[in-house]
file final-v9.txt (compact mmCIF, C-alpha atoms)
# COMPACT_ATOMS: atom_id res chain seq x y z
CA MET A 133 -4.02 -3.43 13.13
CA ASN A 134 -5.45 -3.88 9.66
CA ALA A 135 -4.59 -2.28 6.30
CA GLU A 136 -7.08 0.57 6.70
CA GLU A 137 -5.84 1.47 10.19
CA LEU A 138 -2.24 1.33 9.01
CA LEU A 139 -2.89 3.66 6.06
CA ARG A 140 -4.71 6.11 8.30
CA SER A 141 -1.80 6.00 10.77
CA LEU A 142 0.54 6.81 7.87
CA GLY A 143 -1.48 9.93 7.05
CA VAL A 144 -3.82 8.76 4.29
CA THR A 145 -7.52 9.56 4.54
CA GLY A 146 -10.43 7.63 3.13
CA ASN A 147 -11.51 10.41 0.80
CA LEU A 148 -8.75 9.55 -1.69
CA LYS A 149 -9.73 7.31 -4.60
CA GLY A 150 -6.61 5.24 -4.08
CA PHE A 151 -7.36 4.57 -0.42
CA ARG A 152 -9.75 1.66 -1.10
CA TYR A 153 -7.50 0.31 -3.85
CA ALA A 154 -4.51 0.37 -1.48
CA VAL A 155 -6.44 -1.34 1.32
CA HIS A 156 -7.54 -4.06 -1.09
CA MET A 157 -4.06 -4.61 -2.55
CA ILE A 158 -2.36 -4.62 0.86
CA GLU A 159 -4.85 -7.19 2.16
CA LEU A 160 -4.24 -9.41 -0.88
CA THR A 161 -0.47 -9.04 -0.50
CA VAL A 162 -0.66 -9.97 3.19
CA GLN A 163 -2.20 -13.27 2.07
CA ASP A 164 0.09 -13.79 -0.93
CA PRO A 165 3.42 -11.90 -0.84
CA SER A 166 4.29 -13.04 -4.36
CA LEU A 167 1.67 -10.66 -5.77
CA VAL A 168 4.10 -7.74 -5.54
CA THR A 169 6.19 -9.27 -8.30
CA GLY A 170 3.31 -9.03 -10.74
CA LEU A 171 1.79 -5.63 -10.15
CA SER A 172 1.14 -4.76 -13.78
CA LYS A 173 0.25 -8.29 -14.86
CA SER A 174 -2.17 -9.27 -12.10
CA LEU A 175 -2.58 -7.04 -9.05
CA TYR A 176 -3.44 -3.79 -10.85
CA PRO A 177 -5.77 -5.45 -13.40
CA ASP A 178 -7.54 -7.53 -10.72
CA THR A 179 -8.00 -4.48 -8.50
CA ALA A 180 -9.20 -2.43 -11.46
CA LYS A 181 -11.77 -5.08 -12.32
CA ARG A 182 -13.05 -5.17 -8.74
CA PHE A 183 -13.49 -1.38 -8.59
CA HIS A 184 -14.59 -0.92 -12.23
CA VAL A 185 -11.68 1.34 -13.20
CA THR A 186 -8.61 0.96 -15.40
CA PRO A 187 -5.32 -0.59 -14.24
CA ALA A 188 -3.63 2.74 -15.04
CA SER A 189 -6.02 4.47 -12.65
CA VAL A 190 -5.20 1.97 -9.91
CA GLU A 191 -1.46 2.49 -10.43
CA ARG A 192 -1.75 6.29 -10.49
CA ASN A 193 -3.98 6.46 -7.41
CA LEU A 194 -1.72 4.10 -5.45
CA ARG A 195 1.23 6.33 -6.39
CA THR A 196 -0.72 9.27 -4.92
CA VAL A 197 -1.30 7.32 -1.69
CA VAL A 198 2.43 6.58 -1.42
CA LYS A 199 3.27 10.23 -2.13
CA ILE A 200 0.92 11.45 0.59
CA CYS A 201 2.39 8.98 3.10
CA TRP A 202 5.84 10.20 2.17
CA ASN A 203 5.14 13.95 2.14
CA ARG A 204 2.55 14.36 4.89
CA GLY A 205 2.64 11.17 6.91
CA ASP A 206 4.45 10.06 10.03
CA ARG A 207 8.01 9.43 8.77
CA GLU A 208 8.99 7.65 11.98
CA LEU A 209 6.12 5.17 11.59
CA PHE A 210 6.84 4.88 7.86
CA SER A 211 10.42 3.85 8.64
CA LYS A 212 9.17 1.40 11.28
CA VAL A 213 6.81 -0.13 8.72
CA ALA A 214 9.67 -0.35 6.21
CA GLY A 215 11.95 -1.95 8.76
CA MET A 216 14.66 0.60 7.96
CA ARG A 217 15.17 4.33 7.76
CA LEU A 218 13.78 5.50 4.44
CA THR A 219 15.72 8.19 2.59
CA TYR A 220 13.62 8.19 -0.57
CA GLN A 221 9.98 7.72 -1.51
CA PRO A 222 9.30 4.02 -2.09
CA THR A 223 7.84 2.71 -5.32
CA ASN A 224 4.32 1.28 -5.37
CA GLY A 225 5.66 -2.25 -5.21
CA MET A 226 7.98 -1.46 -2.32
CA PHE A 227 5.12 0.23 -0.47
CA LEU A 228 2.79 -2.75 -0.87
CA ASP A 229 5.54 -5.15 0.16
CA MET A 230 6.52 -3.10 3.22
CA THR A 231 2.98 -2.54 4.48
CA ALA A 232 1.91 -6.16 3.93
CA ASN A 233 5.06 -7.45 5.63
CA TYR A 234 4.49 -5.09 8.56
CA LEU A 235 0.91 -6.35 8.98
CA ARG A 236 2.08 -9.98 8.79
CA ARG A 237 4.69 -9.29 11.47
CA GLN A 238 2.07 -7.62 13.68
CA GLY A 239 -0.18 -10.65 13.31
CA GLN A 240 2.60 -12.92 14.53
CA SER A 241 3.27 -10.86 17.65
call {"tool": "encode", "arguments": {"input": "final-v9.txt", "output": "structure tokens"}}
result
Amino acid sequence: MNAEELLRSLGVTGNLKGFRYAVHMIELTVQDPSLVTGLSKSLYPDTAKRFHVTPASVERNLRTVVKICWNRGDRELFSKVAGMRLTYQPTNGMFLDMTANYLRRQGQS
């Protein structure tokens, strides 16, 4: 499974602006987990530069992706991805960390 397939499984469709940003950031975080500690300083600005948008737009659109996963997605899969039962909507950083970690674990299986 890759980042795009995972997001689609969680209920996000490719027509959202944030979909491509999320795929990109998850893929980067799979390679370098430390990126989640510097969202505002590096990950958002680097993603914004790549897609020719502002860092604020990246942050806002990722928040929308997380919200859609939380409100419309498969909660059982979302909890499996998180590695625990989720009782609240995760932050952007938590979401990137959880999805990247899940993909790393799948790659090791």
call {"tool": "closest_residue", "arguments": {"input": "final-v9.txt", "among": "A:Thr196, A:Ser211, A:Ser189, A:Asn224", "to": "Phe151 of chain A", "atoms": "all atoms listed in the file"}}
result
A:Thr196
call {"tool": "closest_residue", "arguments": {"input": "final-v9.txt", "among": "A:Arg152, A:Lys181, A:Lys212, A:Arg192", "to": "Ala135 of chain A", "atoms": "all atoms listed in the file"}}
result
A:Arg152
call {"tool": "atom_distance", "arguments": {"input": "final-v9.txt", "atom1": "atom CA of Asn193 of chain A", "atom2": "atom CA of Lys149 of chain A"}}
result
6.5 Å
call {"tool": "closest_residue", "arguments": {"input": "final-v9.txt", "among": "A:Glu191, A:Asp164, A:Asp178, A:Asp206", "to": "Leu139 of chain A", "atoms": "all atoms listed in the file"}}
result
A:Asp206
call {"tool": "residues_around", "arguments": {"input": "final-v9.txt", "residues": "Gln163 of chain A", "least_positions_apart": "4", "cutoff": "9 Å", "atoms": "all atoms listed in the file", "output": "list in words"}}
result
Ile158, Glu159, Ala232 and Arg236 of chain A
call {"tool": "closest_residue", "arguments": {"input": "final-v9.txt", "among": "A:Leu171, A:Leu160, A:Leu194, A:Met133", "to": "Leu148 of chain A", "atoms": "all atoms listed in the file"}}
result
A:Leu194
call {"tool": "atom_distance", "arguments": {"input": "final-v9.txt", "atom1": "atom CA of Val168 of chain A", "atom2": "atom CA of Asp229 of chain A"}}
result
6.4 Å
call {"tool": "closest_residue", "arguments": {"input": "final-v9.txt", "among": "A:Ser166, A:Val155, A:Val144, A:Phe210", "to": "Val190 of chain A", "atoms": "only C-alpha atoms"}}
result
A:Val155
call {"tool": "atom_distance", "arguments": {"input": "final-v9.txt", "atom1": "atom CA of Ala180 of chain A", "atom2": "atom CA of Glu137 of chain A"}}
result
22.3 Å
call {"tool": "closest_residue", "arguments": {"input": "final-v9.txt", "among": "A:Arg207, A:Thr231, A:Thr223, A:Val198", "to": "Thr145 of chain A", "atoms": "all atoms listed in the file"}}
result
A:Val198
